[in-house]
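For reference, target_22.cif is printed below; it contains mmCIF, C-alpha atoms and all ligand atoms.
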data_run
loop_
_atom_site.label_atom_id
_atom_site.label_comp_id
_atom_site.auth_asym_id
_atom_site.auth_seq_id
_atom_site.Cartn_x
_atom_site.Cartn_y
_atom_site.Cartn_z
CA GLN O 227 35.48 4.45 -4.40
CA ALA O 228 36.22 3.18 -0.90
CA LEU O 229 36.23 -0.40 -2.22
CA ILE O 230 38.49 0.53 -5.14
CA GLU O 231 40.92 2.27 -2.80
CA ALA O 232 40.85 -0.63 -0.34
CA ARG O 233 41.68 -3.01 -3.18
CA GLU O 234 44.48 -0.81 -4.51
CA SER O 235 46.05 -0.51 -1.04
CA GLY O 236 45.87 -4.29 -0.53
CA ARG O 237 43.23 -4.30 2.21
CA PHE O 238 41.49 -7.26 0.55
CA SER O 239 42.79 -9.93 -1.76
CA GLY O 240 40.04 -10.21 -4.41
CA SER O 241 39.96 -8.19 -7.60
CA ILE O 242 37.10 -5.95 -8.66
CA VAL O 243 36.21 -7.50 -12.02
CA GLY O 244 33.26 -5.34 -13.00
CA VAL O 245 30.93 -2.54 -11.96
CA ILE O 246 27.32 -2.65 -13.16
CA SER O 247 24.59 -0.03 -12.81
CA ASN O 248 20.96 0.22 -13.83
CA LYS O 249 21.58 3.94 -14.48
CA ALA O 250 23.92 5.08 -17.26
CA SER O 251 24.58 8.33 -15.37
CA ALA O 252 25.81 6.63 -12.18
CA PHE O 253 29.08 8.26 -11.07
CA GLY O 254 30.31 4.87 -9.85
CA LEU O 255 30.76 3.84 -13.50
CA GLU O 256 33.11 6.77 -14.08
CA ARG O 257 35.02 5.96 -10.91
CA ALA O 258 35.46 2.37 -12.11
CA GLN O 259 36.59 3.37 -15.62
CA HIS O 260 39.09 5.75 -14.09
CA HIS O 261 40.68 2.72 -12.39
CA GLY O 262 40.58 0.43 -15.42
CA ILE O 263 37.64 -1.64 -14.18
CA ALA O 264 35.13 -2.98 -16.74
CA THR O 265 31.65 -1.43 -16.58
CA ARG O 266 28.22 -2.44 -17.86
CA VAL O 267 24.82 -0.70 -17.83
CA VAL O 268 21.57 -2.69 -17.65
CA GLU O 269 18.78 -0.11 -17.65
CA HIS O 270 15.62 -1.28 -15.92
CA THR O 271 13.56 1.13 -18.03
CA HIS O 272 14.37 -0.98 -21.11
CA PHE O 273 12.58 -4.05 -19.71
CA ALA O 274 8.88 -4.81 -19.58
CA SER O 275 8.97 -6.46 -16.16
CA ARG O 276 11.06 -6.68 -12.99
CA GLU O 277 11.73 -10.35 -13.80
CA ALA O 278 13.04 -9.57 -17.31
CA PHE O 279 15.34 -6.89 -15.89
CA ASP O 280 16.62 -9.23 -13.16
CA GLU O 281 17.28 -11.96 -15.75
CA ALA O 282 19.37 -9.59 -17.91
CA LEU O 283 21.20 -8.32 -14.83
CA GLN O 284 21.93 -11.89 -13.72
CA GLN O 285 23.41 -12.77 -17.12
CA THR O 286 25.53 -9.62 -17.14
CA ILE O 287 26.90 -10.46 -13.68
CA ASP O 288 27.45 -14.16 -14.53
CA ALA O 289 29.59 -13.20 -17.53
CA PHE O 290 32.17 -11.85 -15.02
CA GLU O 291 32.10 -15.15 -13.03
CA PRO O 292 32.35 -13.32 -9.71
CA GLY O 293 32.82 -15.02 -6.34
CA LEU O 294 31.06 -12.14 -4.62
CA VAL O 295 28.34 -9.72 -5.75
CA ILE O 296 28.33 -6.43 -3.84
CA LEU O 297 25.32 -4.10 -3.85
CA ALA O 298 26.34 -0.47 -3.29
CA GLY O 299 23.52 2.04 -3.49
CA PHE O 300 21.48 -0.38 -5.60
CA MET O 301 17.83 0.64 -5.22
CA ARG O 302 15.78 -2.00 -7.07
CA ILE O 303 14.15 -4.82 -5.12
CA LEU O 304 15.55 -8.12 -6.47
CA SER O 305 13.35 -11.11 -7.37
CA ASN O 306 13.46 -14.45 -5.54
CA GLU O 307 15.00 -16.07 -8.65
CA PHE O 308 17.83 -13.53 -8.76
CA VAL O 309 18.51 -13.78 -5.04
CA GLY O 310 18.40 -17.59 -5.16
CA HIS O 311 20.89 -17.70 -8.04
CA PHE O 312 23.47 -15.68 -6.07
CA GLN O 313 22.58 -16.99 -2.60
CA GLY O 314 25.54 -16.89 -0.20
CA ARG O 315 27.60 -14.59 -2.41
CA LEU O 316 25.30 -11.55 -2.63
CA ILE O 317 25.75 -8.83 0.01
CA ASN O 318 24.44 -5.33 0.71
CA ILE O 319 25.30 -2.46 3.03
CA HIS O 320 22.26 -0.90 4.67
CA PRO O 321 22.34 2.43 6.55
CA SER O 322 20.90 1.29 9.89
CA LEU O 323 21.66 -1.03 12.76
CA LEU O 324 19.55 -3.93 11.44
CA PRO O 325 17.07 -5.29 12.35
CA LYS O 326 16.13 -1.68 13.16
CA PHE O 327 14.95 0.58 10.31
CA LYS O 328 14.69 -1.68 7.30
CA GLY O 329 13.74 0.14 4.07
CA LEU O 330 14.22 3.80 3.15
CA ASN O 331 14.82 7.14 4.97
CA THR O 332 16.63 5.40 7.81
CA HIS O 333 18.46 8.45 9.21
CA ALA O 334 15.35 10.58 9.67
CA ARG O 335 13.48 7.60 11.13
CA ALA O 336 16.26 6.83 13.66
CA ILE O 337 16.26 10.47 14.88
CA GLU O 338 12.45 10.59 14.97
CA ALA O 339 12.40 7.39 17.06
CA GLY O 340 14.69 9.00 19.67
CA GLU O 341 17.55 6.54 19.12
CA THR O 342 20.87 7.44 20.76
CA GLN O 343 22.91 5.36 18.32
CA HIS O 344 22.72 4.60 14.59
CA GLY O 345 25.01 3.07 11.97
CA CYS O 346 25.25 0.61 9.12
CA SER O 347 25.05 -3.13 8.57
CA VAL O 348 26.56 -5.42 5.94
CA HIS O 349 24.21 -8.35 5.36
CA TYR O 350 23.57 -11.25 3.01
CA VAL O 351 20.74 -10.47 0.59
CA THR O 352 17.75 -12.79 0.90
CA PRO O 353 14.31 -12.54 -0.75
CA GLU O 354 12.92 -10.62 2.24
CA LEU O 355 14.15 -7.01 2.13
CA ASP O 356 17.01 -6.07 4.50
CA SER O 357 16.45 -9.28 6.49
CA GLY O 358 19.39 -11.55 5.62
CA ALA O 359 22.05 -12.52 8.17
CA VAL O 360 24.19 -9.60 9.34
CA ILE O 361 27.94 -10.00 8.73
CA ALA O 362 29.11 -6.92 10.67
CA GLN O 363 27.90 -3.52 11.86
CA ALA O 364 29.49 -0.14 12.67
CA LYS O 365 27.86 2.42 14.95
CA THR O 366 27.99 6.07 15.93
CA ASP O 367 26.24 8.24 18.53
CA ILE O 368 23.30 10.43 17.52
CA ALA O 369 23.95 13.97 18.81
CA THR O 370 21.13 15.88 20.54
CA ASN O 371 20.75 18.35 17.64
CA GLU O 372 21.48 15.81 14.88
CA SER O 373 19.90 16.35 11.42
CA PRO O 374 19.27 13.54 8.93
CA GLU O 375 21.93 15.16 6.71
CA SER O 376 24.64 15.29 9.39
CA LEU O 377 23.80 11.77 10.51
CA SER O 378 23.95 10.53 6.92
CA GLU O 379 27.49 11.95 6.58
CA LYS O 380 28.64 10.23 9.77
CA VAL O 381 27.13 6.89 8.73
CA GLN O 382 28.61 7.13 5.21
CA ALA O 383 32.09 7.56 6.72
CA LEU O 384 31.45 4.33 8.64
CA GLU O 385 30.18 2.58 5.49
CA HIS O 386 33.44 3.41 3.73
CA GLN O 387 35.32 1.50 6.44
CA LEU O 388 32.86 -1.32 7.13
CA TYR O 389 32.26 -2.48 3.55
CA PRO O 390 35.95 -2.98 2.62
CA TYR O 391 36.46 -4.71 5.98
CA CYS O 392 33.62 -7.18 5.28
CA VAL O 393 34.76 -7.80 1.72
CA GLY O 394 38.17 -8.59 3.20
CA LEU O 395 36.62 -11.12 5.59
CA LEU O 396 34.76 -12.83 2.76
CA CYS O 397 37.77 -12.82 0.40
CA SER O 398 39.93 -14.48 3.08
N1 LIG Z 401 16.42 -7.22 -2.85
C1 LIG Z 401 16.13 -8.24 -2.05
N2 LIG Z 401 15.42 -9.26 -2.55
N3 LIG Z 401 16.50 -8.29 -0.75
C2 LIG Z 401 17.20 -7.28 -0.21
O1 LIG Z 401 17.56 -7.36 1.06
C3 LIG Z 401 17.55 -6.17 -1.01
C4 LIG Z 401 17.12 -6.17 -2.36
C5 LIG Z 401 17.43 -5.07 -3.20
C6 LIG Z 401 18.11 -3.98 -2.70
C7 LIG Z 401 19.13 -2.71 -0.79
C8 LIG Z 401 18.09 -2.05 0.17
C9 LIG Z 401 18.73 -1.02 1.06
O2 LIG Z 401 19.91 -1.12 1.41
C10 LIG Z 401 18.50 -3.98 -1.36
C11 LIG Z 401 18.24 -5.05 -0.51
C12 LIG Z 401 15.73 -0.47 -2.36
C13 LIG Z 401 14.49 -0.64 -1.78
C14 LIG Z 401 13.21 -0.19 -2.46
O3 LIG Z 401 12.20 -0.04 -1.82
C15 LIG Z 401 14.46 -1.28 -0.54
C16 LIG Z 401 15.63 -1.70 0.08
C17 LIG Z 401 16.86 -1.55 -0.53
C18 LIG Z 401 16.92 -0.90 -1.75
N4 LIG Z 401 13.25 0.03 -3.80
C19 LIG Z 401 12.13 0.49 -4.62
C20 LIG Z 401 11.67 -0.61 -5.62
O4 LIG Z 401 10.47 -0.62 -5.93
C21 LIG Z 401 12.50 1.68 -5.46
C22 LIG Z 401 12.92 2.86 -4.64
C23 LIG Z 401 13.57 3.96 -5.51
O5 LIG Z 401 13.84 3.73 -6.68
O6 LIG Z 401 13.84 5.01 -4.92
O7 LIG Z 401 12.50 -1.42 -6.09
O8 LIG Z 401 18.03 -0.10 1.55
#

Hey, can you dump this file as structure tokens for me?
Amino acid sequence: QALIEARESGRFSGSIVGVISNKASAFGLERAQHHGIATRVVEHTHFASREAFDEALQQTIDAFEPGLVILAGFMRILSNEFVGHFQGRLINIHPSLLPKFKGLNTHARAIEAGETQHGCSVHYVTPELDSGAVIAQAKTDIATNESPESLSEKVQALEHQLYPYCVGLLCS
């Protein structure tokens, strides 16, 4: 929604040509349809292997001929073939100050580790998980009584600013 609104208010110059999910129930599809953006569903449960799913996903994306492929809450590890095909135009936003806290449950892990700051990173996607070059980061302080839930809310607010900003950089 933040990306759609950034596009509609002219904060980046590209157009959002399609929104694709591996879950038919994803609310992002409804958000897209509400703004006249084409949507597709490629359900991973319909494929016998990770590779077969990735192949179908790749073809669905290619049909839109995008200059940039933006992961947003996408939770399936992508194969080397998929990543190689989109290399240099495939990005993700990860909820930590990479290289700290790759993987899942980042907010709880940052608090547990006694960090005083936390945030999010936009990075190129490479075969190795959450390890591609970082494009930009945004950070916030961790309060003394911070919960994973409150920290998650603060970081999401940052994500909604950082991702449109990075897409703007890449579009220009
Ligand atoms: N794929 C590659 N090759 N490289 C990256 O950097 C990727 C990626 C796919 C997704 C997003 C990432 C995140 O922002 C992302 C980066 C899911 C998992 C995961 O363990 C890890 C990292 C990310 C997303 N997925 C499990 C799987 O087996 C499923 C977990 C679940 O469904 O809850 O695919 O954090």

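With all atoms listed in the file as the basis for measurement, O:Glu269 is the residue among O:Glu385, O:Glu291, O:Glu269, O:Asp356 that approaches Ala252 in chain O most closely.
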
How close does chain O get to ligand LIG 401 (chain Z)? List, as a tab-separated table, each residue of chain O within 9 Å, its nearest atom pair and the distance in Å to one decimal, counting only C-alpha atoms and all ligand atoms.
residue	atom	partner	partner_atom	distance
O:Arg276	CA	Z:LIG401	O7	8.8
O:Leu297	CA	Z:LIG401	C7	7.0
O:Ala298	CA	Z:LIG401	C7	8.0
O:Gly299	CA	Z:LIG401	O2	6.9
O:Phe300	CA	Z:LIG401	C6	5.7
O:Met301	CA	Z:LIG401	C12	3.7
O:Arg302	CA	Z:LIG401	O7	3.5
O:Ile303	CA	Z:LIG401	C5	3.8
O:Leu304	CA	Z:LIG401	N1	3.8
O:Ser305	CA	Z:LIG401	N2	5.6
O:Asn306	CA	Z:LIG401	N2	6.3
O:Phe308	CA	Z:LIG401	N2	7.9
O:Val309	CA	Z:LIG401	N2	6.0
O:Ile317	CA	Z:LIG401	O1	8.4
O:Asn318	CA	Z:LIG401	C7	6.1
O:Ile319	CA	Z:LIG401	O2	5.8
O:His320	CA	Z:LIG401	O2	4.0
O:Pro321	CA	Z:LIG401	O2	6.7
O:Ser322	CA	Z:LIG401	O2	8.9
O:Lys328	CA	Z:LIG401	O8	6.8
O:Gly329	CA	Z:LIG401	C16	4.8
O:Leu330	CA	Z:LIG401	O8	5.7
O:Asn331	CA	Z:LIG401	O8	8.6
O:Thr332	CA	Z:LIG401	O8	8.4
O:His349	CA	Z:LIG401	O1	8.0
O:Tyr350	CA	Z:LIG401	O1	7.4
O:Val351	CA	Z:LIG401	O1	4.5
O:Thr352	CA	Z:LIG401	N3	5.0
O:Pro353	CA	Z:LIG401	N2	3.9
O:Glu354	CA	Z:LIG401	N3	5.2
O:Leu355	CA	Z:LIG401	O1	3.6
O:Asp356	CA	Z:LIG401	O1	3.7
O:Ser357	CA	Z:LIG401	O1	5.9
O:Gly358	CA	Z:LIG401	O1	6.5

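CA of Pro374 in chain O is positioned 7.3 Å from CA of Ile337 in chain O.
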
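Here the question is which of O:Leu324, O:Ala369, O:Ile361, O:Ala274 gets nearest to Leu388 in chain O using only C-alpha atoms, and that residue is O:Ile361.
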
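Computed from the coordinates, the CA of Asp288 in chain O to CA of Gly244 in chain O distance equals 10.7 Å.
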
Rank nothing, just name the residue among O:Leu323, O:Leu396, O:Leu255, O:Ala289 nearest to Val267 in chain O, using all atoms listed in the file. O:Leu255

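The interatomic distance for the pair CA of Ser239 in chain O and CA of Asp280 in chain O works out to 28.6 Å.
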
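Across O:Ile296, O:Ile287, O:Thr265, O:Ile230, the tightest approach to Arg315 in chain O is made by O:Ile296 when counting only C-alpha atoms.
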
Taking (40.2, -7.8, 6.5) in the coordinates of the supplied file, I want to know which residues reach to within 7 Å of it, counting only C-alpha atoms; could you give the answer as an NGL selection string? :O and (237-238 or 391-392 or 394-395)

Is there a way to get, as a ChimeraX atom specification, all residues within 6 Å of the point (34.6, -13.2, -3.3) in file coordinates, counting all atoms listed in the file? /O:293-294,397

Env of Arg257 in chain O: 12 Å cut, atoms = only C-alpha atoms, seq-sep filter 5 positions within chain, self excluded. Answer as a ChimeraX atom specification. /O:227-231,244-246,251-252,262-265

Just to be explicit: take each residue in the selection above, keep C-alpha atoms, and write the result as a CSV table (one decimal), in the frame of the given file.
chain,number,residue,atom,x,y,z
O,227,GLN,CA,35.5,4.4,-4.4
O,228,ALA,CA,36.2,3.2,-0.9
O,229,LEU,CA,36.2,-0.4,-2.2
O,230,ILE,CA,38.5,0.5,-5.1
O,231,GLU,CA,40.9,2.3,-2.8
O,244,GLY,CA,33.3,-5.3,-13.0
O,245,VAL,CA,30.9,-2.5,-12.0
O,246,ILE,CA,27.3,-2.6,-13.2
O,251,SER,CA,24.6,8.3,-15.4
O,252,ALA,CA,25.8,6.6,-12.2
O,262,GLY,CA,40.6,0.4,-15.4
O,263,ILE,CA,37.6,-1.6,-14.2
O,264,ALA,CA,35.1,-3.0,-16.7
O,265,THR,CA,31.6,-1.4,-16.6

Please output range 326-337 of chain O, rebuilt to include all heavy atoms, as an mmCIF file, in the coordinates of the input.
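Done, and the output landed in out29.cif:
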data_model
loop_
_atom_site.group_PDB
_atom_site.id
_atom_site.type_symbol
_atom_site.label_atom_id
_atom_site.label_comp_id
_atom_site.auth_asym_id
_atom_site.auth_seq_id
_atom_site.Cartn_x
_atom_site.Cartn_y
_atom_site.Cartn_z
ATOM 1 N N LYS O 326 16.856 -2.965 13.103
ATOM 2 C CA LYS O 326 16.130 -1.680 13.160
ATOM 3 C C LYS O 326 16.142 -1.006 11.798
ATOM 4 O O LYS O 326 17.129 -1.069 11.068
ATOM 5 C CB LYS O 326 16.808 -0.756 14.175
ATOM 6 C CG LYS O 326 16.618 -1.185 15.614
ATOM 7 C CD LYS O 326 17.267 -0.209 16.573
ATOM 8 C CE LYS O 326 16.935 -0.600 18.009
ATOM 9 N NZ LYS O 326 17.671 0.233 18.973
ATOM 10 N N PHE O 327 15.053 -0.315 11.468
ATOM 11 C CA PHE O 327 14.950 0.580 10.310
ATOM 12 C C PHE O 327 15.321 -0.066 8.972
ATOM 13 O O PHE O 327 16.225 0.366 8.271
ATOM 14 C CB PHE O 327 15.775 1.852 10.557
ATOM 15 C CG PHE O 327 15.466 2.511 11.860
ATOM 16 C CD1 PHE O 327 16.409 2.540 12.881
ATOM 17 C CD2 PHE O 327 14.208 3.039 12.101
ATOM 18 C CE1 PHE O 327 16.111 3.109 14.107
ATOM 19 C CE2 PHE O 327 13.901 3.617 13.324
ATOM 20 C CZ PHE O 327 14.864 3.650 14.332
ATOM 21 N N LYS O 328 14.616 -1.131 8.652
ATOM 22 C CA LYS O 328 14.690 -1.680 7.300
ATOM 23 C C LYS O 328 14.040 -0.667 6.354
ATOM 24 O O LYS O 328 13.242 0.156 6.792
ATOM 25 C CB LYS O 328 13.923 -3.007 7.233
ATOM 26 C CG LYS O 328 14.524 -4.072 8.146
ATOM 27 C CD LYS O 328 13.673 -5.329 8.196
ATOM 28 C CE LYS O 328 14.305 -6.320 9.168
ATOM 29 N NZ LYS O 328 13.506 -7.560 9.300
ATOM 30 N N GLY O 329 14.386 -0.741 5.054
ATOM 31 C CA GLY O 329 13.740 0.140 4.070
ATOM 32 C C GLY O 329 14.427 1.473 3.928
ATOM 33 O O GLY O 329 15.638 1.567 4.126
ATOM 34 N N LEU O 330 13.656 2.508 3.580
ATOM 35 C CA LEU O 330 14.220 3.800 3.150
ATOM 36 C C LEU O 330 14.169 4.856 4.257
ATOM 37 O O LEU O 330 13.576 4.635 5.319
ATOM 38 C CB LEU O 330 13.470 4.281 1.899
ATOM 39 C CG LEU O 330 13.369 3.243 0.747
ATOM 40 C CD1 LEU O 330 12.522 3.796 -0.406
ATOM 41 C CD2 LEU O 330 14.738 2.807 0.251
ATOM 42 N N ASN O 331 14.817 5.996 4.042
ATOM 43 C CA ASN O 331 14.820 7.140 4.970
ATOM 44 C C ASN O 331 15.233 6.761 6.387
ATOM 45 O O ASN O 331 14.625 7.208 7.367
ATOM 46 C CB ASN O 331 13.438 7.817 5.006
ATOM 47 C CG ASN O 331 13.048 8.362 3.650
ATOM 48 O OD1 ASN O 331 13.865 8.971 2.969
ATOM 49 N ND2 ASN O 331 11.805 8.116 3.242
ATOM 50 N N THR O 332 16.268 5.970 6.496
ATOM 51 C CA THR O 332 16.630 5.400 7.810
ATOM 52 C C THR O 332 17.138 6.450 8.789
ATOM 53 O O THR O 332 16.877 6.341 9.984
ATOM 54 C CB THR O 332 17.703 4.318 7.628
ATOM 55 O OG1 THR O 332 18.838 4.910 6.978
ATOM 56 C CG2 THR O 332 17.186 3.161 6.798
ATOM 57 N N HIS O 333 17.857 7.471 8.296
ATOM 58 C CA HIS O 333 18.460 8.450 9.210
ATOM 59 C C HIS O 333 17.380 9.279 9.900
ATOM 60 O O HIS O 333 17.380 9.430 11.122
ATOM 61 C CB HIS O 333 19.454 9.344 8.463
ATOM 62 C CG HIS O 333 20.468 8.566 7.679
ATOM 63 N ND1 HIS O 333 21.252 7.597 8.259
ATOM 64 C CD2 HIS O 333 20.792 8.577 6.371
ATOM 65 C CE1 HIS O 333 22.037 7.063 7.332
ATOM 66 N NE2 HIS O 333 21.767 7.632 6.165
ATOM 67 N N ALA O 334 16.444 9.795 9.111
ATOM 68 C CA ALA O 334 15.350 10.580 9.670
ATOM 69 C C ALA O 334 14.519 9.731 10.636
ATOM 70 O O ALA O 334 14.104 10.198 11.703
ATOM 71 C CB ALA O 334 14.462 11.129 8.552
ATOM 72 N N ARG O 335 14.311 8.471 10.290
ATOM 73 C CA ARG O 335 13.480 7.600 11.130
ATOM 74 C C ARG O 335 14.185 7.285 12.452
ATOM 75 O O ARG O 335 13.542 7.211 13.502
ATOM 76 C CB ARG O 335 13.130 6.317 10.374
ATOM 77 C CG ARG O 335 12.077 6.556 9.281
ATOM 78 C CD ARG O 335 12.039 5.449 8.247
ATOM 79 N NE ARG O 335 11.763 4.155 8.828
ATOM 80 C CZ ARG O 335 12.198 2.993 8.335
ATOM 81 N NH1 ARG O 335 12.940 2.984 7.236
ATOM 82 N NH2 ARG O 335 11.895 1.878 8.917
ATOM 83 N N ALA O 336 15.517 7.122 12.427
ATOM 84 C CA ALA O 336 16.260 6.830 13.660
ATOM 85 C C ALA O 336 16.199 8.031 14.609
ATOM 86 O O ALA O 336 16.007 7.871 15.824
ATOM 87 C CB ALA O 336 17.705 6.477 13.336
ATOM 88 N N ILE O 337 16.329 9.253 14.051
ATOM 89 C CA ILE O 337 16.260 10.470 14.880
ATOM 90 C C ILE O 337 14.850 10.620 15.447
ATOM 91 O O ILE O 337 14.669 10.828 16.655
ATOM 92 C CB ILE O 337 16.637 11.724 14.038
ATOM 93 C CG1 ILE O 337 18.114 11.668 13.653
ATOM 94 C CG2 ILE O 337 16.311 12.999 14.803
ATOM 95 C CD1 ILE O 337 18.522 12.689 12.598
#
